[in-house]
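Dumped protein08.cif below, it's mmCIF, C-alpha atoms:
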```
data_structure
loop_
_atom_site.label_atom_id
_atom_site.label_comp_id
_atom_site.auth_asym_id
_atom_site.auth_seq_id
_atom_site.Cartn_x
_atom_site.Cartn_y
_atom_site.Cartn_z
CA MET A 1 -124.12 -31.00 83.29
CA ARG A 2 -122.39 -32.70 86.18
CA VAL A 3 -125.00 -33.23 88.82
CA ILE A 4 -122.91 -33.81 91.86
CA GLU A 5 -119.25 -33.26 92.51
CA ILE A 6 -117.55 -36.61 92.21
CA GLY A 7 -114.70 -35.72 94.57
CA ARG A 8 -116.79 -34.87 97.59
CA HIS A 9 -115.86 -37.86 99.64
CA SER A 10 -112.37 -38.53 98.44
CA ALA A 11 -110.82 -36.84 101.41
CA LYS A 12 -112.77 -39.04 103.79
CA LEU A 13 -111.13 -42.28 102.76
CA PRO A 14 -109.54 -43.78 105.84
CA ARG A 15 -105.80 -43.53 105.92
CA GLY A 16 -103.95 -46.46 104.44
CA VAL A 17 -107.03 -47.64 102.62
CA LYS A 18 -105.27 -48.03 99.32
CA ALA A 19 -102.61 -50.26 100.76
CA ARG A 20 -105.10 -52.71 102.15
CA ARG A 21 -105.68 -55.87 100.23
CA GLU A 22 -108.92 -56.25 98.43
CA ARG A 23 -110.62 -58.85 100.45
CA SER A 24 -114.02 -60.19 100.98
CA ALA A 25 -115.70 -58.75 104.01
CA PHE A 26 -118.10 -61.65 103.91
CA ILE A 27 -116.19 -64.80 103.26
CA ASP A 28 -113.08 -64.19 105.31
CA PRO A 29 -113.74 -66.12 108.49
CA PRO A 30 -112.24 -64.88 111.74
CA GLY A 31 -109.17 -66.82 112.87
CA GLU A 32 -107.49 -69.66 111.04
CA PRO A 33 -109.82 -71.30 108.53
CA GLU A 34 -110.11 -75.06 108.14
CA PRO A 35 -108.45 -76.48 104.99
CA ASP A 36 -111.70 -76.83 103.02
CA ARG A 37 -112.82 -73.44 104.13
CA ARG A 38 -109.43 -71.98 103.22
CA ALA A 39 -109.68 -73.40 99.70
CA ALA A 40 -113.13 -71.83 99.40
CA VAL A 41 -111.70 -68.50 100.55
CA VAL A 42 -108.91 -68.68 97.96
CA VAL A 43 -111.35 -69.58 95.19
CA GLY A 44 -113.67 -66.78 96.29
CA GLU A 45 -110.79 -64.33 96.31
CA LEU A 46 -109.64 -65.42 92.85
CA GLN A 47 -113.17 -65.13 91.53
CA HIS A 48 -113.41 -61.64 93.00
CA ARG A 49 -110.11 -60.56 91.47
CA LEU A 50 -110.91 -62.05 88.13
CA ARG A 51 -114.26 -60.28 88.01
CA ASN A 52 -112.64 -57.00 88.95
CA LEU A 53 -110.06 -57.46 86.23
CA LEU A 54 -112.69 -58.30 83.65
CA GLY A 55 -114.64 -55.28 84.85
CA LEU A 56 -111.60 -53.13 84.19
CA VAL A 57 -111.15 -54.64 80.71
CA ASN A 58 -114.82 -53.99 80.02
CA ILE A 59 -114.44 -50.33 80.95
CA LEU A 60 -111.21 -49.99 78.96
CA ALA A 61 -113.12 -51.27 75.95
CA GLU A 62 -115.92 -48.75 76.55
CA ARG A 63 -113.47 -45.92 77.00
CA THR A 64 -111.37 -46.78 73.97
CA ALA A 65 -114.49 -47.18 71.83
CA GLY A 66 -115.55 -43.70 72.97
CA GLU A 67 -112.26 -42.28 71.71
CA HIS A 68 -112.04 -44.19 68.45
CA GLU A 69 -115.08 -44.78 66.32
CA ARG A 70 -113.53 -46.88 63.60
CA ALA A 71 -112.59 -50.46 64.42
CA GLU A 72 -109.17 -50.10 62.82
CA ASP A 73 -108.41 -47.14 65.11
CA PHE A 74 -109.92 -48.80 68.16
CA LEU A 75 -108.11 -52.09 67.99
CA PRO A 76 -104.42 -51.10 68.30
CA VAL A 77 -105.11 -48.69 71.18
CA PHE A 78 -107.28 -51.18 73.02
CA GLN A 79 -104.77 -53.99 72.53
CA ALA A 80 -101.89 -51.83 73.76
CA ARG A 81 -103.88 -50.99 76.92
CA LEU A 82 -104.83 -54.61 77.41
CA ILE A 83 -101.21 -55.67 77.06
CA ALA A 84 -100.12 -53.01 79.57
CA LEU A 85 -102.62 -54.51 82.00
CA ASP A 86 -101.30 -57.97 81.24
CA ARG A 87 -97.75 -56.82 81.94
CA VAL A 88 -98.70 -55.73 85.44
CA GLN A 89 -100.51 -59.01 86.00
CA SER A 90 -97.44 -60.99 84.92
CA LEU A 91 -95.18 -58.96 87.19
CA LEU A 92 -97.60 -59.45 90.07
CA LEU A 93 -97.65 -63.20 89.51
CA GLN A 94 -93.84 -63.29 89.53
CA ALA A 95 -93.63 -61.23 92.72
CA PRO A 96 -93.00 -63.17 95.95
CA ASP A 97 -96.21 -61.87 97.47
CA ASN A 98 -98.28 -61.84 94.34
CA ASP A 99 -100.59 -59.11 95.50
CA ARG A 100 -97.86 -56.49 95.79
CA LEU A 101 -95.03 -55.31 93.60
CA ASN A 102 -92.09 -52.93 93.53
CA LEU A 103 -92.96 -49.72 91.77
CA ASP A 104 -89.70 -49.53 89.81
CA ASP A 105 -90.27 -52.97 88.26
CA MET A 106 -93.56 -51.73 86.87
CA LEU A 107 -92.17 -48.39 85.68
CA ARG A 108 -89.19 -49.96 83.92
CA ALA A 109 -91.30 -52.67 82.32
CA GLU A 110 -93.76 -50.12 81.02
CA ILE A 111 -91.13 -47.79 79.54
CA GLU A 112 -89.31 -50.75 78.05
CA ALA A 113 -92.44 -52.16 76.46
CA VAL A 114 -93.76 -48.91 75.03
CA ALA A 115 -90.46 -47.41 73.89
CA GLY A 116 -88.69 -50.66 73.04
CA ILE A 117 -85.60 -49.73 75.04
CA ASP A 118 -83.96 -50.97 78.18
CA PRO A 119 -84.31 -48.12 80.68
CA ALA A 120 -81.34 -49.47 82.67
CA GLU A 121 -79.00 -48.40 79.89
CA ASP A 122 -77.66 -44.87 79.94
CA ARG A 123 -79.39 -42.56 77.54
CA PRO A 124 -79.03 -38.80 77.42
CA TYR A 125 -82.75 -38.25 76.99
CA LEU A 126 -84.05 -40.65 79.64
CA HIS A 127 -83.52 -40.60 83.34
CA LEU A 128 -85.17 -42.87 85.91
CA GLN A 129 -84.36 -42.43 89.54
CA GLY A 130 -85.88 -43.68 92.76
CA PRO A 131 -85.67 -46.26 95.52
CA ASP A 132 -86.25 -49.89 94.52
CA ASP A 133 -88.21 -50.80 97.65
CA VAL A 134 -91.47 -48.93 97.13
CA VAL A 135 -94.15 -51.59 97.18
CA LEU A 136 -97.69 -51.01 95.96
CA ASN A 137 -100.70 -53.28 95.97
CA ALA A 138 -102.29 -54.78 92.89
CA SER A 139 -105.25 -52.47 92.45
CA THR A 140 -103.14 -49.31 92.79
CA LEU A 141 -100.50 -50.64 90.42
CA GLN A 142 -103.05 -51.51 87.76
CA ILE A 143 -104.35 -47.96 87.54
CA LEU A 144 -100.90 -46.43 87.93
CA ALA A 145 -99.51 -48.70 85.20
CA LEU A 146 -102.31 -47.70 82.85
CA ALA A 147 -101.55 -44.04 83.58
CA ILE A 148 -97.82 -44.53 82.93
CA HIS A 149 -98.71 -46.45 79.79
CA GLU A 150 -100.70 -43.48 78.51
CA LEU A 151 -97.92 -41.00 79.35
CA ALA A 152 -95.32 -43.21 77.67
CA THR A 153 -97.49 -43.83 74.62
CA ASN A 154 -98.09 -40.12 74.28
CA SER A 155 -94.37 -39.51 74.60
CA MET A 156 -93.70 -42.10 71.88
CA LYS A 157 -96.14 -40.35 69.58
CA HIS A 158 -95.30 -36.72 70.26
CA GLY A 159 -92.60 -36.45 72.89
CA VAL A 160 -89.13 -37.44 73.99
CA LEU A 161 -89.48 -41.23 73.73
CA GLY A 162 -90.42 -40.94 70.06
CA THR A 163 -88.23 -38.08 68.93
CA LEU A 164 -85.29 -38.79 71.27
CA GLN A 165 -84.98 -35.02 71.48
CA GLY A 166 -85.12 -33.38 74.88
CA ARG A 167 -85.30 -35.07 78.25
CA LEU A 168 -87.68 -37.30 80.11
CA SER A 169 -87.11 -37.66 83.79
CA LEU A 170 -89.06 -40.07 85.95
CA ARG A 171 -88.32 -39.73 89.63
CA TRP A 172 -89.92 -41.12 92.73
CA SER A 173 -89.35 -41.07 96.46
CA THR A 174 -91.21 -41.63 99.68
CA ILE A 175 -92.16 -38.90 102.13
CA GLN A 176 -93.38 -39.17 105.68
CA ARG A 177 -96.26 -36.86 106.58
CA GLY A 178 -97.45 -37.35 110.12
CA ASP A 179 -98.05 -41.06 110.56
CA GLN A 180 -98.65 -41.62 106.85
CA GLN A 181 -96.06 -42.51 104.28
CA TRP A 182 -96.53 -41.08 100.79
CA LEU A 183 -95.06 -41.95 97.45
CA ALA A 184 -94.20 -38.97 95.25
CA LEU A 185 -93.82 -39.86 91.58
CA GLU A 186 -92.87 -37.22 89.07
CA TRP A 187 -92.96 -37.44 85.28
CA SER A 188 -91.11 -34.49 83.87
CA GLU A 189 -90.75 -34.30 80.10
CA LYS A 190 -89.16 -31.50 78.15
CA SER A 191 -89.35 -31.98 74.44
CA LEU A 192 -87.43 -29.99 71.84
CA ILE A 193 -90.06 -30.69 69.25
CA GLU A 194 -93.43 -29.04 69.59
CA ARG A 195 -96.52 -31.13 70.25
CA PRO A 196 -99.66 -30.36 68.30
CA PRO A 197 -102.32 -28.74 70.54
CA SER A 198 -104.48 -31.87 70.22
CA ALA A 199 -101.71 -33.84 71.95
CA THR A 200 -101.67 -31.69 75.06
CA THR A 201 -105.16 -32.46 76.31
CA GLY A 202 -104.00 -35.56 78.13
CA GLY A 203 -106.94 -37.81 77.29
CA PHE A 204 -107.45 -41.03 79.18
CA GLY A 205 -104.06 -40.88 80.93
CA ARG A 206 -104.89 -37.51 82.37
CA GLU A 207 -108.26 -38.74 83.54
CA LEU A 208 -106.61 -41.64 85.35
CA ILE A 209 -104.15 -39.27 87.00
CA GLU A 210 -106.48 -36.42 87.88
CA ARG A 211 -109.59 -38.38 88.76
CA ALA A 212 -109.12 -42.13 89.19
CA LEU A 213 -106.07 -42.02 91.45
CA PRO A 214 -107.43 -39.29 93.78
CA LEU A 215 -110.92 -40.74 94.03
CA GLN A 216 -110.02 -44.36 94.39
CA PHE A 217 -106.76 -44.19 96.32
CA GLY A 218 -106.72 -40.77 97.97
CA ALA A 219 -103.87 -39.53 95.74
CA ARG A 220 -102.98 -35.87 95.22
CA THR A 221 -102.02 -35.20 91.64
CA ARG A 222 -101.09 -32.48 89.19
CA TYR A 223 -100.92 -32.65 85.43
CA VAL A 224 -99.70 -29.84 83.21
CA ALA A 225 -99.00 -30.14 79.51
CA SER A 226 -97.93 -27.59 76.90
CA ALA A 227 -96.28 -27.69 73.49
CA HIS A 228 -92.86 -28.56 74.92
CA HIS A 229 -93.59 -29.91 78.40
CA VAL A 230 -95.50 -32.61 80.19
CA HIS A 231 -95.25 -32.38 83.92
CA CYS A 232 -97.09 -34.74 86.16
CA LEU A 233 -96.86 -35.25 89.89
CA ILE A 234 -98.60 -38.09 91.68
CA GLU A 235 -98.60 -38.40 95.46
CA LEU A 236 -100.06 -41.59 96.83
CA PRO A 237 -100.52 -42.66 100.43
CA VAL A 238 -98.65 -45.95 100.86
CA ARG A 239 -98.11 -48.47 103.59
CA ALA A 240 -94.52 -48.83 104.73
CA ALA A 241 -92.83 -51.55 102.65
CA ARG A 242 -92.85 -55.03 104.13
CA SER A 243 -94.54 -54.07 107.35
CA ALA A 244 -96.03 -56.77 109.53
CA SER A 245 -98.58 -58.87 107.72
CA MET B 1 -145.94 -42.75 84.43
CA SER B 2 -146.63 -39.34 85.99
CA GLY B 3 -142.95 -38.96 86.85
CA ALA B 4 -141.83 -39.50 83.27
CA THR B 5 -140.57 -35.95 82.83
CA ILE B 6 -138.46 -35.98 85.99
CA SER B 7 -135.19 -37.79 85.53
CA PRO B 8 -134.68 -40.48 88.16
CA ARG B 9 -131.94 -39.88 90.72
CA ILE B 10 -129.75 -42.90 91.26
CA LEU B 11 -127.30 -43.14 94.14
CA VAL B 12 -124.08 -44.91 93.14
CA ILE B 13 -121.91 -46.54 95.79
CA ASP B 14 -118.79 -48.20 94.43
CA ASP B 15 -115.13 -48.01 95.46
CA ASN B 16 -113.83 -48.40 91.93
CA TYR B 17 -113.44 -45.27 89.83
CA MET B 18 -113.64 -47.05 86.49
CA SER B 19 -116.74 -48.87 87.52
CA VAL B 20 -118.33 -45.62 88.72
CA GLU B 21 -117.55 -43.94 85.42
CA SER B 22 -119.00 -46.84 83.51
CA LEU B 23 -122.21 -46.59 85.55
CA ARG B 24 -122.27 -42.84 85.08
CA GLY B 25 -122.14 -43.29 81.32
CA MET B 26 -124.92 -45.86 81.30
CA LEU B 27 -127.27 -44.02 83.63
CA GLN B 28 -126.79 -40.56 82.18
CA GLY B 29 -127.12 -42.02 78.71
CA ALA B 30 -130.51 -43.32 79.78
CA GLY B 31 -131.52 -39.86 81.06
CA MET B 32 -130.94 -40.51 84.74
CA GLN B 33 -129.04 -38.41 87.26
CA ILE B 34 -126.24 -39.69 89.44
CA VAL B 35 -126.30 -38.99 93.15
CA GLY B 36 -122.84 -39.31 94.62
CA PRO B 37 -120.94 -41.40 93.91
CA ALA B 38 -119.70 -42.59 97.27
CA LEU B 39 -116.40 -44.45 97.09
CA SER B 40 -116.14 -45.42 100.75
CA LEU B 41 -118.43 -46.74 103.46
CA ALA B 42 -118.24 -43.42 105.34
CA GLY B 43 -119.28 -41.56 102.20
CA ALA B 44 -122.02 -44.09 101.50
CA LEU B 45 -123.49 -43.71 104.98
CA GLU B 46 -123.44 -39.94 104.68
CA LEU B 47 -125.06 -39.85 101.25
CA GLY B 48 -127.53 -42.56 102.20
CA ALA B 49 -128.77 -40.47 105.12
CA ALA B 50 -128.59 -37.07 103.36
CA PRO B 51 -131.84 -35.32 102.49
CA GLY B 52 -132.91 -35.23 98.87
CA ARG B 53 -134.71 -37.61 96.60
CA ILE B 54 -133.10 -40.94 95.79
CA ASP B 55 -135.14 -43.12 93.46
CA ALA B 56 -132.85 -46.13 93.56
CA ALA B 57 -129.36 -47.07 94.67
CA ILE B 58 -126.68 -49.20 93.04
CA VAL B 59 -124.40 -50.51 95.76
CA ASP B 60 -121.11 -52.35 95.45
CA LEU B 61 -120.82 -54.87 98.28
CA ASP B 62 -117.13 -54.43 98.96
CA LEU B 63 -115.85 -50.92 99.68
CA HIS B 64 -112.09 -51.13 100.14
CA GLY B 65 -112.49 -54.34 102.14
CA GLU B 66 -115.44 -53.05 104.16
CA ALA B 67 -118.90 -54.49 103.64
CA SER B 68 -121.41 -51.90 102.48
CA LEU B 69 -124.24 -53.62 104.40
CA PRO B 70 -124.68 -50.76 106.94
CA ALA B 71 -125.27 -48.34 104.07
CA ILE B 72 -127.74 -50.76 102.48
CA ASP B 73 -129.64 -50.91 105.78
CA VAL B 74 -129.91 -47.12 105.89
CA LEU B 75 -131.24 -47.02 102.34
CA LEU B 76 -133.73 -49.85 102.78
CA GLU B 77 -135.00 -48.22 105.96
CA ARG B 78 -135.86 -45.04 104.12
CA GLY B 79 -137.54 -47.05 101.38
CA VAL B 80 -134.93 -46.67 98.68
CA PRO B 81 -134.85 -49.71 96.40
CA VAL B 82 -131.34 -51.17 96.24
CA MET B 83 -129.54 -53.12 93.57
CA LEU B 84 -126.34 -54.91 94.55
CA LEU B 85 -123.22 -54.91 92.49
CA THR B 86 -120.80 -57.64 93.26
CA GLY B 87 -117.78 -59.61 92.20
CA TYR B 88 -118.82 -62.30 94.66
CA ASP B 89 -121.37 -64.99 94.64
CA VAL B 90 -124.38 -63.52 96.47
CA SER B 91 -124.98 -66.85 98.22
CA VAL B 92 -122.35 -65.84 100.82
CA LEU B 93 -124.57 -62.94 101.96
CA PRO B 94 -126.88 -62.93 104.97
CA ALA B 95 -130.37 -64.01 103.91
CA ARG B 96 -132.07 -60.60 103.92
CA TYR B 97 -129.64 -59.18 101.37
CA ARG B 98 -129.73 -62.24 99.16
CA GLN B 99 -133.22 -61.34 97.97
CA LEU B 100 -132.12 -57.98 96.63
CA PRO B 101 -131.69 -57.71 92.88
CA HIS B 102 -128.05 -57.87 91.88
CA CYS B 103 -125.68 -57.59 88.96
CA GLN B 104 -122.42 -59.49 88.79
CA LYS B 105 -119.28 -57.73 87.66
CA PRO B 106 -118.32 -57.19 84.94
CA ILE B 107 -121.55 -55.29 84.49
CA MET B 108 -123.51 -55.08 81.29
CA ALA B 109 -125.24 -51.81 80.52
CA SER B 110 -128.48 -53.34 79.27
CA LEU B 111 -128.82 -55.52 82.36
CA VAL B 112 -128.09 -52.70 84.81
CA LEU B 113 -130.57 -50.37 83.11
CA GLN B 114 -133.22 -53.06 83.05
CA GLN B 115 -132.77 -53.71 86.78
CA VAL B 116 -132.79 -50.02 87.66
CA ALA B 117 -135.94 -49.43 85.61
CA ARG B 118 -137.60 -52.28 87.45
CA LEU B 119 -136.56 -50.84 90.84
CA ILE B 120 -138.02 -47.44 89.98
CA ASP B 121 -141.24 -48.95 88.67
CA ARG B 122 -141.65 -50.94 91.83
CA ARG B 123 -141.12 -47.84 93.95
CA ASP B 124 -143.60 -45.82 91.88
CA GLY B 125 -146.07 -48.66 92.27
CA ALA B 126 -145.56 -48.72 96.02
CA THR B 127 -145.95 -44.97 96.56
CA ALA B 128 -148.82 -44.49 94.09
#
```

Re-express the file's structure as structure tokens.
Amino acid sequence: MRVIEIGRHSAKLPRGVKARRERSAFIDPPGEPEPDRRAAVVVGELQHRLRNLLGLVNILAERTAGEHERAEDFLPVFQARLIALDRVQSLLLQAPDNDRLNLDDMLRAEIEAVAGIDPAEDRPYLHLQGPDDVVLNASTLQILALAIHELATNSMKHGVLGTLQGRLSLRWSTIQRGDQQWLALEWSEKSLIERPPSATTGGFGRELIERALPLQFGARTRYVASAHHVHCLIELPVRAARSAS
Amino acid sequence: MSGATISPRILVIDDNYMSVESLRGMLQGAGMQIVGPALSLAGALELGAAPGRIDAAIVDLDLHGEASLPAIDVLLERGVPVMLLTGYDVSVLPARYRQLPHCQKPIMASLVLQQVARLIDRRDGATA
């Protein structure tokens, strides 16, 4: 029995919260810090990020262990998720501002890694379309990348990326609503080959999309899967790219 | 242990979904109920002040870049024992919060449960 609705306060997140950097509210001094102090701030920030990342790995392990009892089933799934997380980290480190990254870099890297194909090449069954200047922060990208990883892995197993039959379309754009900019990301997959009913429940990927993204980042999402279709829409509040900082 | 048959109600304040779910698993697995969770300071303040029994609270220090200290104050004022959850070194905290029990992230189930059990015991001892 669920005791209390988990989503009660999701709507109360202040606007733009997800785009803000994760930062210590305690160790960031006001104004320009002295060099020693600045080094301490950087170390503190790194420590914070590292612990958060390890926390995420810890939970991934718990989650994957919950899905797969036998070690030989657990290991490949866990490793694939860990490597997806590592891919985002590498991309973030390569990015000029290593806390933020273009969405399309992440999407392409994820599809490429899971399906073993270059998504830039023309393929009748795969279509990626969207602006290349949508920038997201590290914590949002991590969860989004894990979600895309799950969708792509599922597609490799049962859908278009594996069978090369049908069509997978991944489209994104930004929308202005009032004073808030939103990212709309749509995964639309139409497979000619039927998925087994067990492959339409969505699993961990669906949980990330339907619960993690709304609760943590104020996203609005929809996920629908049937024997021939997977349709997923994610709308995330974002900060305008490269605004003053 | 007169309250042994009533499952303890633990307020969870943490801005990270995965972390919340991990805590949910641990606490429910140990027969406790989750109150909340609150994922923002506004939500934390509201839940912290809401009527209803709270036997202990697990509070992440950083809620989307905002310190959760105001919520901790509300809880301590109403006598709710608080355990801190943090990715930081607690030595950067103001003195009064430094004495609170804490768990560093990444959290370990056995340690969290041990701390929570201790908080509840202490509260039972105080109100007995």

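Selection by the PyMOL selection byres ((chain B) within 8 of (chain A)) on the present file picks out Asp15, Asn16, Tyr17, Met18, Ser19, Ser22, Gln33, Ile34, Val35, Gly36, Pro37, Ala38, Leu39, Ser40, Ala42, Gly43, Asp62, His64, Gly65, Glu66, Ala67, Gly87, Tyr88, Val92, Leu93, Lys105, Pro106 and Ile107 of chain B.
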
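Coordinates place CA of Arg239 in chain A at a distance of 23.9 Å from CA of His149 in chain A.
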
Specify the axis-aligned box that encloses all atoms of range 177-190 of chain A listed in the file after padding of 6 Å on each side, stating its centre and edge lengths in Å to one decimal as lines of an AutoDock Vina configuration file.
```
center_x = -93.9
center_y = -37.0
center_z = 94.4
size_x = 21.5
size_y = 23.0
size_z = 44.4
```

### Message
Applying the PyMOL selection byres ((chain A and resi 158-165) around 7) to the file I just gave you, which residues come out? Please list them as a PyMOL selection string.
### Response
chain A and resi 115+125+154-157+166-168+191-192+195

### Message
So that I can check the surroundings of Leu100 in chain B, please list as a list in words every protein, DNA and RNA residue that reaches within 8 Å of it, counting all atoms listed in the file and ignoring chain neighbours fewer than 3 positions away.
### Response
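Within the cut-off, the hits are Val82, Met83, Leu84, Arg96 and Tyr97 of chain B.
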
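The set of residues that the PyMOL selection byres ((chain B and resi 48) around 10) takes from this file is Leu11, Val12, Ile13, Val35, Gly36, Ala38, Ala42, Gly43, Ala44, Leu45, Glu46, Leu47, Ala49, Ala50, Pro51, Gly52, Ile54, Ala57, Pro70, Ala71, Ile72, Asp73, Val74, Leu75, Leu76, Arg78 and Val80 of chain B.
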
### Task
Please determine the residues with any atom at most 10 Å from (-102.8, -35.8, 74.0) (coordinates as given in the file, with all atoms listed in the file counting) and report them as a count of residues only.
21

### Query
Quick one, how far is CA of Val135 in chain A from CA of Asp86 in chain A?
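These atoms are spaced 18.6 Å apart.
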
### Message
Just checking: using all atoms listed in the file, which residue out of B:Val116, B:Leu69, B:Leu27, B:Leu111 ends up closest to Pro81 in chain B?
### Response
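Closest to Pro81 in chain B of all the choices is B:Val116.
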